[in-house]
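Note: the block below is target04.cif and it holds mmCIF, C-alpha atoms.
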```cif
data_query
loop_
_atom_site.label_atom_id
_atom_site.label_comp_id
_atom_site.auth_asym_id
_atom_site.auth_seq_id
_atom_site.Cartn_x
_atom_site.Cartn_y
_atom_site.Cartn_z
CA MET G 809 0.00 0.00 0.00
CA SER G 810 1.46 3.36 -1.02
CA ASN G 811 2.27 6.02 1.56
CA PRO G 812 -0.18 8.94 1.04
CA LEU G 813 2.40 11.51 2.16
CA GLU G 814 5.08 10.16 -0.17
CA ALA G 815 2.59 10.04 -3.05
CA ALA G 816 1.54 13.65 -2.37
CA ARG G 817 5.20 14.72 -2.21
CA LYS G 818 5.86 13.15 -5.60
CA ARG G 819 2.80 14.82 -7.12
CA MET G 820 3.84 18.23 -5.82
CA THR G 821 7.40 17.81 -7.13
CA ARG G 822 6.16 16.69 -10.54
CA ALA G 823 3.82 19.67 -10.71
CA MET G 824 6.59 22.13 -9.83
CA THR G 825 8.88 20.54 -12.40
CA GLY G 826 6.18 20.69 -15.05
CA GLU G 827 5.50 24.38 -14.48
CA GLY G 828 9.21 25.24 -14.52
CA ALA G 829 9.61 26.21 -10.86
CA LEU G 830 12.00 23.26 -10.43
CA ARG G 831 14.66 22.64 -13.09
CA SER G 832 17.87 21.36 -11.51
CA ALA G 833 18.29 17.69 -10.72
CA HIS G 834 19.73 18.40 -7.26
CA TRP G 835 16.76 20.53 -6.18
CA ILE G 836 14.27 18.05 -7.65
CA ASP G 837 15.98 15.34 -5.60
CA ALA G 838 15.84 17.54 -2.50
CA PHE G 839 12.08 18.10 -2.79
CA LEU G 840 11.51 14.40 -3.42
CA SER G 841 13.66 13.40 -0.46
CA VAL G 842 12.88 15.90 2.32
CA PRO G 843 9.50 15.30 4.02
CA ARG G 844 7.63 18.56 4.56
CA GLU G 845 5.38 16.84 7.09
CA THR G 846 8.26 16.53 9.56
CA PHE G 847 8.22 20.30 9.99
CA VAL G 848 4.47 21.02 9.94
CA PRO G 849 2.60 18.44 12.07
CA ARG G 850 -0.07 21.09 12.62
CA PHE G 851 -0.75 24.14 10.45
CA THR G 852 -3.35 26.57 9.16
CA ILE G 853 -4.22 27.38 5.56
CA GLY G 854 -6.05 30.64 4.90
CA TYR G 855 -7.05 33.62 7.03
CA GLY G 856 -10.06 34.75 9.01
CA ILE G 857 -13.30 32.90 8.40
CA GLU G 858 -11.64 30.91 5.60
CA ALA G 859 -8.86 29.56 7.84
CA ARG G 860 -8.66 25.79 8.21
CA VAL G 861 -6.45 23.89 10.65
CA TYR G 862 -4.88 20.58 9.63
CA GLU G 863 -3.24 18.05 11.93
CA GLU G 864 -1.13 14.97 11.43
CA GLY G 865 -3.30 11.86 11.27
CA GLU G 866 -6.32 13.48 9.62
CA ALA G 867 -7.46 12.01 6.31
CA ASP G 868 -6.85 15.19 4.31
CA TYR G 869 -3.56 16.07 6.04
CA PRO G 870 -1.27 14.54 3.35
CA GLU G 871 -2.87 16.43 0.47
CA ALA G 872 -2.98 19.68 2.46
CA THR G 873 0.67 19.33 3.50
CA TYR G 874 1.75 19.20 -0.13
CA THR G 875 -0.55 21.93 -1.37
CA ASP G 876 1.40 24.67 -3.13
CA THR G 877 0.57 27.30 -0.54
CA SER G 878 1.90 28.78 2.67
CA LEU G 879 1.26 26.72 5.80
CA ILE G 880 1.01 29.02 8.83
CA THR G 881 2.44 27.61 12.05
CA ARG G 882 2.83 30.52 14.46
CA TRP G 883 1.24 33.91 15.30
CA ASP G 884 2.33 36.90 17.36
CA SER G 885 0.38 38.24 20.33
CA GLY G 886 -1.60 40.51 18.03
CA GLY G 887 -2.82 37.62 15.88
CA SER G 888 -0.56 38.19 12.86
CA PRO G 889 1.26 35.19 11.35
CA ILE G 890 5.00 35.23 12.07
CA SER G 891 6.12 31.79 10.89
CA SER G 892 5.08 29.49 8.08
CA SER G 893 6.29 26.99 5.56
CA SER G 894 6.28 29.08 2.38
CA ALA G 895 4.57 28.01 -0.84
CA PRO G 896 6.83 25.27 -2.27
CA SER G 897 6.86 26.69 -5.83
CA LEU G 898 8.17 30.01 -4.48
CA MET G 899 10.75 28.17 -2.39
CA ALA G 900 11.77 26.24 -5.50
CA ARG G 901 12.21 29.37 -7.61
CA MET G 902 14.32 30.99 -4.91
CA LEU G 903 16.47 27.89 -4.48
CA GLU G 904 16.98 27.67 -8.24
CA ALA G 905 18.12 31.31 -8.18
CA PHE G 906 20.42 30.52 -5.26
CA ASP G 907 23.13 29.11 -7.50
CA SER G 908 25.98 29.33 -5.02
CA ASN G 909 28.73 26.95 -6.06
CA ALA G 910 30.22 26.46 -2.62
CA GLY G 911 29.45 26.81 1.06
CA PRO G 912 29.13 27.85 3.64
CA VAL G 913 25.72 29.35 2.95
CA LEU G 914 23.64 31.45 5.32
CA GLU G 915 19.87 31.23 5.65
CA ILE G 916 18.04 34.14 7.29
CA GLY G 917 14.81 32.99 8.89
CA THR G 918 14.95 29.34 10.01
CA GLY G 919 11.21 29.21 10.60
CA THR G 920 9.90 25.65 10.54
CA GLY G 921 13.23 24.29 9.28
CA TYR G 922 11.89 22.86 6.01
CA ASN G 923 13.86 25.18 3.74
CA CYS G 924 16.93 24.64 5.90
CA ALA G 925 16.55 20.89 5.38
CA LEU G 926 16.46 21.38 1.60
CA LEU G 927 19.69 23.39 1.85
CA CYS G 928 21.26 20.68 4.00
CA HIS G 929 20.29 18.02 1.48
CA HIS G 930 22.11 19.87 -1.30
CA PHE G 931 25.05 21.60 0.39
CA GLY G 932 25.56 19.25 3.33
CA ALA G 933 24.59 20.26 6.87
CA ASP G 934 28.19 21.20 7.77
CA HIS G 935 28.01 23.96 5.16
CA VAL G 936 24.66 25.46 6.26
CA VAL G 937 24.19 28.21 8.84
CA SER G 938 20.67 29.37 9.70
CA VAL G 939 19.54 32.25 11.93
CA ASP G 940 16.15 33.05 13.42
CA VAL G 941 15.18 35.73 15.92
CA ASP G 942 12.79 33.42 17.79
CA PRO G 943 14.42 30.92 20.19
CA ASP G 944 11.35 28.65 20.15
CA LEU G 945 11.51 28.36 16.36
CA THR G 946 15.25 27.66 16.46
CA ALA G 947 14.79 24.93 19.08
CA ASN G 948 11.89 23.30 17.24
CA ALA G 949 13.73 23.37 13.92
CA ARG G 950 16.85 21.84 15.49
CA GLU G 951 14.78 18.96 16.85
CA LYS G 952 12.98 18.33 13.54
CA LEU G 953 16.18 18.54 11.49
CA ALA G 954 17.88 16.06 13.82
CA THR G 955 15.18 13.46 13.14
CA LEU G 956 16.32 13.54 9.50
CA GLY G 957 20.00 13.35 10.42
CA TYR G 958 20.79 17.03 9.74
CA ALA G 959 22.83 19.10 12.19
CA PRO G 960 23.44 22.51 10.60
CA THR G 961 24.63 25.50 12.63
CA LEU G 962 21.41 27.02 14.02
CA LEU G 963 21.59 30.37 15.79
CA THR G 964 19.13 32.61 17.58
CA GLY G 965 19.52 36.31 16.84
CA ASP G 966 18.70 39.21 14.53
CA GLY G 967 19.23 37.79 11.05
CA THR G 968 19.58 41.23 9.50
CA SER G 969 23.04 41.31 11.10
CA GLY G 970 23.99 38.04 9.44
CA HIS G 971 26.59 35.88 11.21
CA PRO G 972 30.12 37.14 10.59
CA ASP G 973 31.83 34.26 12.42
CA ARG G 974 31.40 31.90 9.43
CA ALA G 975 31.83 34.53 6.70
CA PRO G 976 32.57 34.83 3.89
CA TYR G 977 29.57 32.93 2.55
CA GLY G 978 28.95 31.63 -0.91
CA GLY G 979 25.49 33.09 -0.62
CA ILE G 980 22.72 34.32 1.67
CA LEU G 981 19.12 33.15 1.22
CA ALA G 982 16.45 34.97 3.23
CA THR G 983 13.08 33.36 3.86
CA CYS G 984 11.75 36.56 5.39
CA GLY G 985 11.18 39.96 3.81
CA VAL G 986 13.28 43.09 4.27
CA ASP G 987 12.61 46.72 3.42
CA ARG G 988 16.27 47.32 2.56
CA ILE G 989 19.22 44.98 1.95
CA PRO G 990 21.35 45.08 5.14
CA PRO G 991 24.95 46.17 4.37
CA GLU G 992 26.10 43.40 6.71
CA TRP G 993 24.80 40.79 4.27
CA ILE G 994 26.83 42.23 1.41
CA ARG G 995 29.98 42.39 3.53
CA GLN G 996 29.57 38.75 4.56
CA VAL G 997 29.25 37.33 1.02
CA ARG G 998 32.38 36.65 -1.01
CA PRO G 999 32.73 38.31 -4.43
CA GLY G 1000 30.72 36.34 -6.97
CA GLY G 1001 28.36 35.06 -4.26
CA VAL G 1002 24.65 35.76 -4.32
CA ILE G 1003 21.94 37.20 -2.09
CA VAL G 1004 18.40 35.99 -2.74
CA THR G 1005 15.70 37.73 -0.73
CA ASN G 1006 12.24 39.23 -0.79
CA ILE G 1007 12.46 43.01 -0.83
CA GLY G 1008 9.37 45.09 -1.49
CA SER G 1009 6.92 43.08 -3.57
CA GLY G 1010 9.52 40.98 -5.40
CA VAL G 1011 12.39 38.54 -4.93
CA ALA G 1012 15.79 39.91 -5.89
CA LYS G 1013 18.83 37.88 -6.89
CA LEU G 1014 21.90 40.05 -6.33
CA THR G 1015 25.52 39.19 -7.09
CA VAL G 1016 28.20 40.69 -4.84
CA ASP G 1017 31.26 42.27 -6.48
CA GLU G 1018 34.79 43.16 -5.35
CA ALA G 1019 33.70 46.67 -4.35
CA GLN G 1020 31.20 45.24 -1.85
CA SER G 1021 28.23 46.29 -3.94
CA ALA G 1022 25.46 43.94 -5.00
CA SER G 1023 23.31 44.08 -8.12
CA GLY G 1024 20.92 41.95 -10.10
CA ARG G 1025 17.39 41.44 -11.33
CA PHE G 1026 14.16 40.37 -9.69
CA LEU G 1027 12.47 37.05 -10.33
CA PRO G 1028 9.41 37.45 -12.60
CA GLU G 1029 6.78 36.70 -9.97
CA ALA G 1030 5.50 39.12 -7.33
CA ALA G 1031 6.04 37.92 -3.76
CA LYS G 1032 5.77 39.26 -0.23
CA PHE G 1033 7.08 37.38 2.79
CA MET G 1034 6.55 37.95 6.49
CA ARG G 1035 8.89 40.76 7.50
CA ALA G 1036 12.09 40.16 9.42
CA ARG G 1037 11.60 40.95 13.12
CA PRO G 1038 14.33 42.66 15.19
CA THR G 1039 13.15 40.87 18.36
CA PRO G 1040 10.85 37.90 19.02
CA GLU G 1041 8.48 40.18 20.94
CA ARG G 1042 7.91 42.51 17.98
CA VAL G 1043 4.20 42.64 17.08
CA THR G 1044 3.24 43.28 13.46
CA GLU G 1045 1.41 46.52 12.73
CA LYS G 1046 -2.18 45.62 11.80
CA ALA G 1047 -4.46 47.70 9.64
CA SER G 1048 -7.34 47.20 12.08
CA LYS G 1049 -5.52 49.38 14.62
CA TYR G 1050 -6.08 52.39 12.35
CA THR G 1051 -9.56 51.77 10.92
CA LYS G 1052 -11.23 54.37 13.14
CA LEU G 1053 -8.78 57.08 12.07
CA ILE G 1054 -9.11 56.17 8.39
CA ALA G 1055 -12.91 55.99 8.53
CA ARG G 1056 -13.56 59.13 10.60
CA GLY G 1057 -10.43 61.26 10.49
CA THR G 1058 -10.73 64.86 9.40
CA GLY G 1059 -8.05 66.64 7.41
CA LYS G 1060 -7.24 68.22 4.11
CA ARG G 1061 -9.87 67.33 1.48
CA VAL G 1062 -9.32 67.37 -2.29
CA ILE G 1063 -10.94 65.84 -5.37
CA GLU G 1064 -8.37 64.08 -7.56
CA ARG G 1065 -8.58 62.77 -11.11
CA LEU G 1066 -7.65 59.10 -11.42
CA PRO G 1067 -5.67 57.45 -14.23
CA ASP G 1068 -7.57 55.29 -16.73
CA HIS G 1069 -8.09 51.68 -15.70
CA HIS G 1070 -10.07 48.85 -17.31
CA ASP G 1071 -11.94 48.33 -14.02
CA GLY G 1072 -12.68 52.02 -13.50
CA PRO G 1073 -11.88 53.99 -10.34
CA VAL G 1074 -12.32 50.98 -8.06
CA GLY G 1075 -9.71 49.11 -10.08
CA VAL G 1076 -7.26 52.01 -9.75
CA LEU G 1077 -7.75 52.30 -6.01
CA ARG G 1078 -7.59 48.55 -5.47
CA GLU G 1079 -4.18 48.46 -7.16
CA LEU G 1080 -3.11 51.60 -5.33
CA VAL G 1081 -3.75 49.94 -1.97
CA HIS G 1082 -3.39 46.20 -2.53
CA GLY G 1083 -1.30 45.92 -5.70
CA HIS G 1084 2.25 44.69 -6.17
CA VAL G 1085 3.86 47.68 -7.87
CA LEU G 1086 7.54 47.26 -7.08
CA GLU G 1087 8.47 50.94 -6.93
CA ILE G 1088 5.57 51.64 -4.55
CA SER G 1089 6.52 48.79 -2.22
CA LEU G 1090 10.10 50.05 -2.05
CA ARG G 1091 9.22 53.74 -1.74
CA GLN G 1092 6.56 53.21 0.95
CA PRO G 1093 7.53 49.98 2.74
CA GLU G 1094 6.14 51.09 6.12
CA VAL G 1095 2.72 52.13 4.84
CA VAL G 1096 -0.16 49.98 6.14
CA THR G 1097 -3.04 49.66 3.69
CA MET G 1098 -6.67 48.70 4.05
CA SER G 1099 -10.12 48.61 2.43
CA LEU G 1100 -13.20 49.52 4.47
CA VAL G 1101 -16.76 48.73 3.43
CA PRO G 1102 -19.24 50.98 5.28
CA ALA G 1103 -22.87 49.97 5.52
CA ASP G 1104 -24.13 53.12 3.85
CA GLY G 1105 -21.55 54.20 1.30
CA PRO G 1106 -18.83 53.29 -1.18
CA VAL G 1107 -15.68 51.37 -0.33
CA MET G 1108 -13.01 53.51 1.35
CA TYR G 1109 -9.33 52.83 0.79
CA GLY G 1110 -6.84 53.73 3.50
CA LEU G 1111 -3.11 54.47 3.71
CA MET G 1112 -1.37 54.75 7.09
CA HIS G 1113 2.28 55.50 7.91
CA PRO G 1114 2.64 54.60 11.61
CA PRO G 1115 6.12 56.13 12.19
CA SER G 1116 4.89 59.63 11.23
CA GLY G 1117 1.18 59.32 11.93
CA SER G 1118 0.42 60.34 8.35
CA TRP G 1119 -2.70 58.92 6.72
CA ALA G 1120 -5.03 59.19 3.74
CA ARG G 1121 -8.60 58.07 3.02
CA VAL G 1122 -9.58 57.68 -0.61
CA SER G 1123 -13.14 57.16 -1.89
CA PRO G 1124 -14.35 57.02 -5.51
CA VAL G 1125 -16.91 59.74 -6.25
CA ALA G 1126 -17.33 59.65 -10.03
CA GLU G 1127 -16.12 57.82 -13.13
CA HIS G 1128 -12.58 59.22 -13.06
CA THR G 1129 -12.33 61.00 -9.72
CA ALA G 1130 -11.86 60.27 -6.04
CA GLU G 1131 -12.13 62.20 -2.79
CA VAL G 1132 -8.88 62.22 -0.82
CA VAL G 1133 -8.86 63.23 2.84
CA SER G 1134 -5.45 63.22 4.52
CA GLY G 1135 -3.52 64.25 7.58
CA GLY G 1136 0.04 64.25 8.90
CA ALA G 1137 3.41 65.42 7.64
CA LEU G 1138 3.71 63.03 4.67
CA ASP G 1139 1.66 63.25 1.48
CA LEU G 1140 1.15 59.51 1.02
CA TRP G 1141 -1.47 59.91 -1.72
CA THR G 1142 0.45 62.12 -4.16
CA GLU G 1143 3.59 60.00 -4.15
CA ARG G 1144 1.68 56.73 -4.41
CA ILE G 1145 -0.71 57.75 -7.21
CA SER G 1146 2.20 59.23 -9.20
CA LEU G 1147 4.09 55.95 -9.03
CA LEU G 1148 0.98 53.93 -9.89
CA SER G 1149 0.19 56.16 -12.88
CA GLY G 1150 3.69 55.72 -14.26
CA TRP G 1151 3.44 51.96 -13.78
CA LEU G 1152 0.09 51.77 -15.60
CA LYS G 1153 1.37 53.92 -18.49
CA SER G 1154 4.40 51.62 -18.79
CA GLY G 1155 2.20 48.59 -19.42
CA ARG G 1156 2.08 47.12 -15.91
CA PRO G 1157 5.67 45.77 -15.79
CA THR G 1158 6.36 42.72 -13.63
CA PRO G 1159 9.16 42.47 -11.05
CA GLY G 1160 11.32 40.69 -13.64
CA ASP G 1161 11.55 43.96 -15.59
CA TYR G 1162 13.48 45.66 -12.76
CA HIS G 1163 17.14 45.76 -11.72
CA LEU G 1164 18.41 46.63 -8.22
CA THR G 1165 21.85 47.88 -7.17
CA VAL G 1166 22.92 48.30 -3.54
CA ASP G 1167 26.28 49.96 -2.94
CA SER G 1168 28.65 49.53 -0.01
CA ARG G 1169 26.99 52.45 1.82
CA GLY G 1170 23.57 50.86 1.56
CA GLN G 1171 22.13 53.15 -1.13
CA HIS G 1172 19.46 51.34 -3.18
CA VAL G 1173 18.93 52.17 -6.84
CA LEU G 1174 16.02 50.58 -8.72
CA ARG G 1175 16.02 50.69 -12.53
CA ARG G 1176 13.58 49.76 -15.26
CA GLU G 1177 14.67 50.04 -18.89
CA LYS G 1178 11.38 49.60 -20.75
CA PRO G 1179 9.33 51.17 -22.22
CA ALA G 1180 11.51 54.14 -21.21
CA PRO G 1181 14.41 54.22 -18.75
CA SER G 1182 13.27 54.94 -15.20
CA ILE G 1183 15.32 55.13 -12.02
CA TRP G 1184 14.49 55.48 -8.34
CA ARG G 1185 16.79 55.97 -5.34
CA PHE G 1186 15.65 54.87 -1.91
CA HIS G 1187 16.58 56.12 1.53
CA GLU G 1188 16.72 54.05 4.68
CA THR G 1189 13.46 53.32 6.50
CA SER G 1190 12.80 54.24 10.12
CA ASP G 1191 13.58 50.65 11.15
CA SER G 1192 16.92 50.57 9.33
#
```
Output the file's structure as structure tokens, nothing else.
Amino acid sequence: MSNPLEAARKRMTRAMTGEGALRSAHWIDAFLSVPRETFVPRFTIGYGIEARVYEEGEADYPEATYTDTSLITRWDSGGSPISSSSAPSLMARMLEAFDSNAGPVLEIGTGTGYNCALLCHHFGADHVVSVDVDPDLTANAREKLATLGYAPTLLTGDGTSGHPDRAPYGGILATCGVDRIPPEWIRQVRPGGVIVTNIGSGVAKLTVDEAQSASGRFLPEAAKFMRARPTPERVTEKASKYTKLIARGTGKRVIERLPDHHDGPVGVLRELVHGHVLEISLRQPEVVTMSLVPADGPVMYGLMHPPSGSWARVSPVAEHTAEVVSGGALDLWTERISLLSGWLKSGRPTPGDYHLTVDSRGQHVLRREKPAPSIWRFHETSDS
């Protein structure tokens, strides 16, 4: 009788190979060999009323375990997810981009330990270092990895500082998101090595050079990981904290014309707030966004910048116009709608159309060549 988990693992690996997420024989072998179930005996798929919990031993657990989606395993005290096993196809694309030829390699964000196990399978556990800010996650991952015979170097600490004791690395792979590439990462990778990480709404693959700069392109697909936390106690900013201000706040009021969109003004505002425009995600990484549906009016779209207290409420009022009410020192609306308009006029480019350079001082320069050359320079965020 076939093992349902093994059969589901094979199906998932075949599917990822067929769609092109997996290409290299060594990563195909890793996904076929490393059991995801070891690291996620209990998990949740979905959010809110659509959330469903799965546990080892249930009839539908094998199929759910090898679903190509994120499996949430831990939440912070505010109810936001802080650890998961990422969607396997995204993991596969990042591992394929992580073409380091030699160890040691450094993983930022141990999490469940599943991705660390895949690295161990390929590079050998002696050549893998993994850091997570949460001591409980580190301890759990160490235990799970040991059951498979893997004993990588697992550390508890702020991963944005890297781990200089084992540097230089052949590459750094981050399974969490960052707003800016930490200069420490670049300094700890040898020339020719790579950094693969989620930054903004994309995944960048950067190659480090002799001048301690890093540059490269983004993978084609949009992606957004859970953000790196400086401490295990850090609670994620939730949009619900600011709904009263967005819904009822009084401030400067203007009527603005919206750019053309095939879904009308609602389509524009939906992309403004919930889209994956790379230059917006890098320019306004700390902005919390939301949609509010009042009982007696149109949908309201909110922007909130917690560090400055700046905010904006946007509501469609006619075919090509919206009412914008805002407060605070920063003009979140004007910058955001300008970037969105340029993106729409450029034909909605995907992350793969962009190139990122980070110099030794930490300056970030984003470029897009088509349809016309565009360039953006980004300052540090308040958390940097």
Evaluate the PyMOL selection byres ((chain G and resi 1039) around 12) and record the selected residues as a list in words, following the chain and residue labels used in the document.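 Matching residues under the PyMOL selection byres ((chain G and resi 1039) around 12) are Asp884, Ile890, Asp940, Val941, Asp942, Pro943, Thr964, Gly965, Asp966, Gly967, Thr968, Arg1035, Ala1036, Arg1037, Pro1038, Pro1040, Glu1041, Arg1042, Val1043 and Thr1044 of chain G.
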Expanded to explicit residues, what is the PyMOL selection byres ((chain G and resi 1060-1064) around 9) for this file, as JSON, numbers by chain? {"G": [1058, 1059, 1065, 1066, 1125, 1128, 1129, 1130, 1131, 1132, 1133, 1134, 1135]}
Write the residues you've just listed into a file as a PDB file, in the coordinates of the input, and include C-alpha atoms for each of them.
```
ATOM      1  CA  THR G1058     -10.730  64.860   9.400  1.00  0.00           C
ATOM      2  CA  GLY G1059      -8.050  66.640   7.410  1.00  0.00           C
ATOM      3  CA  ARG G1065      -8.580  62.770 -11.110  1.00  0.00           C
ATOM      4  CA  LEU G1066      -7.650  59.100 -11.420  1.00  0.00           C
ATOM      5  CA  VAL G1125     -16.910  59.740  -6.250  1.00  0.00           C
ATOM      6  CA  HIS G1128     -12.580  59.220 -13.060  1.00  0.00           C
ATOM      7  CA  THR G1129     -12.330  61.000  -9.720  1.00  0.00           C
ATOM      8  CA  ALA G1130     -11.860  60.270  -6.040  1.00  0.00           C
ATOM      9  CA  GLU G1131     -12.130  62.200  -2.790  1.00  0.00           C
ATOM     10  CA  VAL G1132      -8.880  62.220  -0.820  1.00  0.00           C
ATOM     11  CA  VAL G1133      -8.860  63.230   2.840  1.00  0.00           C
ATOM     12  CA  SER G1134      -5.450  63.220   4.520  1.00  0.00           C
ATOM     13  CA  GLY G1135      -3.520  64.250   7.580  1.00  0.00           C
TER      14      GLY G1135
END
```
Mind telling me what the PyMOL selection byres ((chain G and resi 1164) around 6) catches here, as a list of chain:residue names? G:Ser1023, G:Gly1024, G:His1163, G:Thr1165, G:Val1173, G:Leu1174
Selection above as a file: C-alpha atoms, as a CSV table (one decimal), keeping the file's coordinate frame:
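See again_14.csv below for the written result:
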```csv
chain,number,residue,atom,x,y,z
G,1023,SER,CA,23.3,44.1,-8.1
G,1024,GLY,CA,20.9,42.0,-10.1
G,1163,HIS,CA,17.1,45.8,-11.7
G,1165,THR,CA,21.8,47.9,-7.2
G,1173,VAL,CA,18.9,52.2,-6.8
G,1174,LEU,CA,16.0,50.6,-8.7
```
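In this model, the gap between atom CA of G:Thr1097 and atom CA of G:Leu1111 comes to 4.8 Å.
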Residue neighbourhood G:Arg950, 12 Å, all atoms listed in the file, exclusion window fewer than 4 positions, as a list in words: Thr846, Phe847, Thr918, Gly919, Thr920, Gly921, Tyr922, Cys924, Ala925, Ala933, Val937, Ser938, Val939, Asp940, Pro943, Asp944, Leu945, Thr946, Ala954, Thr955, Leu956, Gly957, Tyr958, Ala959, Pro960, Thr961, Leu962, Leu963 and Thr964 of chain G
Rounded to one decimal in Å, what is the spacing between atom CA of G:Asp868 and atom CA of G:Leu813?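 Interatomic distance, atom CA of G:Asp868 to atom CA of G:Leu813: 10.2 Å.
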List every residue of stretch 864-922 of chain G that has an atom at most 8 Å from any atom of stretch 816-835 of chain G, giving for each one its closest atom pair and the distance in Å to one decimal, counting only C-alpha atoms, sorted by chain and then by ascending residue number, as CSV.
```
residue,atom,partner,partner_atom,distance
G:Pro870,CA,G:Ala816,CA,6.4
G:Glu871,CA,G:Ala816,CA,5.9
G:Tyr874,CA,G:Ala816,CA,6.0
G:Thr875,CA,G:Met820,CA,7.3
G:Asp876,CA,G:Met820,CA,7.4
G:Ser897,CA,G:Ala829,CA,5.8
G:Leu898,CA,G:Ala829,CA,7.6
G:Ala900,CA,G:Leu830,CA,5.8
G:Arg901,CA,G:Ala829,CA,5.2
G:Leu903,CA,G:Trp835,CA,7.6
G:Glu904,CA,G:Leu830,CA,7.0
```
Two-atom distance - atom CA of G:Pro1159, atom CA of G:Ala838 (Å): 27.2 Å
What lies within 8 Å of stretch 880-882 of chain G using only C-alpha atoms, ignoring chain neighbours under 5 positions off, as number ranges by chain? G: 848, 850-853, 889-893, 920
Excluding G:Thr1005 and any residue of its chain fewer than 5 positions from it, enumerate the residues within 8 Å of it, using all atoms listed in the file, and give them as a short mmCIF file (atom, residue, chain, number, x, y, z; two decimals) with C-alpha atoms, keeping the file's coordinate frame.
```cif
data_model
loop_
_atom_site.label_atom_id
_atom_site.label_comp_id
_atom_site.auth_asym_id
_atom_site.auth_seq_id
_atom_site.Cartn_x
_atom_site.Cartn_y
_atom_site.Cartn_z
CA LEU G 981 19.12 33.15 1.22
CA ALA G 982 16.45 34.97 3.23
CA THR G 983 13.08 33.36 3.86
CA CYS G 984 11.75 36.56 5.39
CA GLY G 985 11.18 39.96 3.81
CA VAL G 986 13.28 43.09 4.27
CA VAL G 1011 12.39 38.54 -4.93
CA ALA G 1012 15.79 39.91 -5.89
CA LYS G 1013 18.83 37.88 -6.89
#
```
Neighbouring residues of stretch 975-980 of chain G were defined as those with any atom within 10 Å, considering all atoms listed in the file; residues of the same chain fewer than 3 positions away were excluded. Please report them as a ChimeraX atom specification. /G:906-916,935-938,970-972,983,993-1005,1014-1016
Of the listed residues G:Arg1121, G:Lys1153, G:Lys1178, G:Arg1169, that which approaches G:Gly1057 most closely, counting all atoms listed in the file: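 The closest residue to G:Gly1057 is G:Arg1121.
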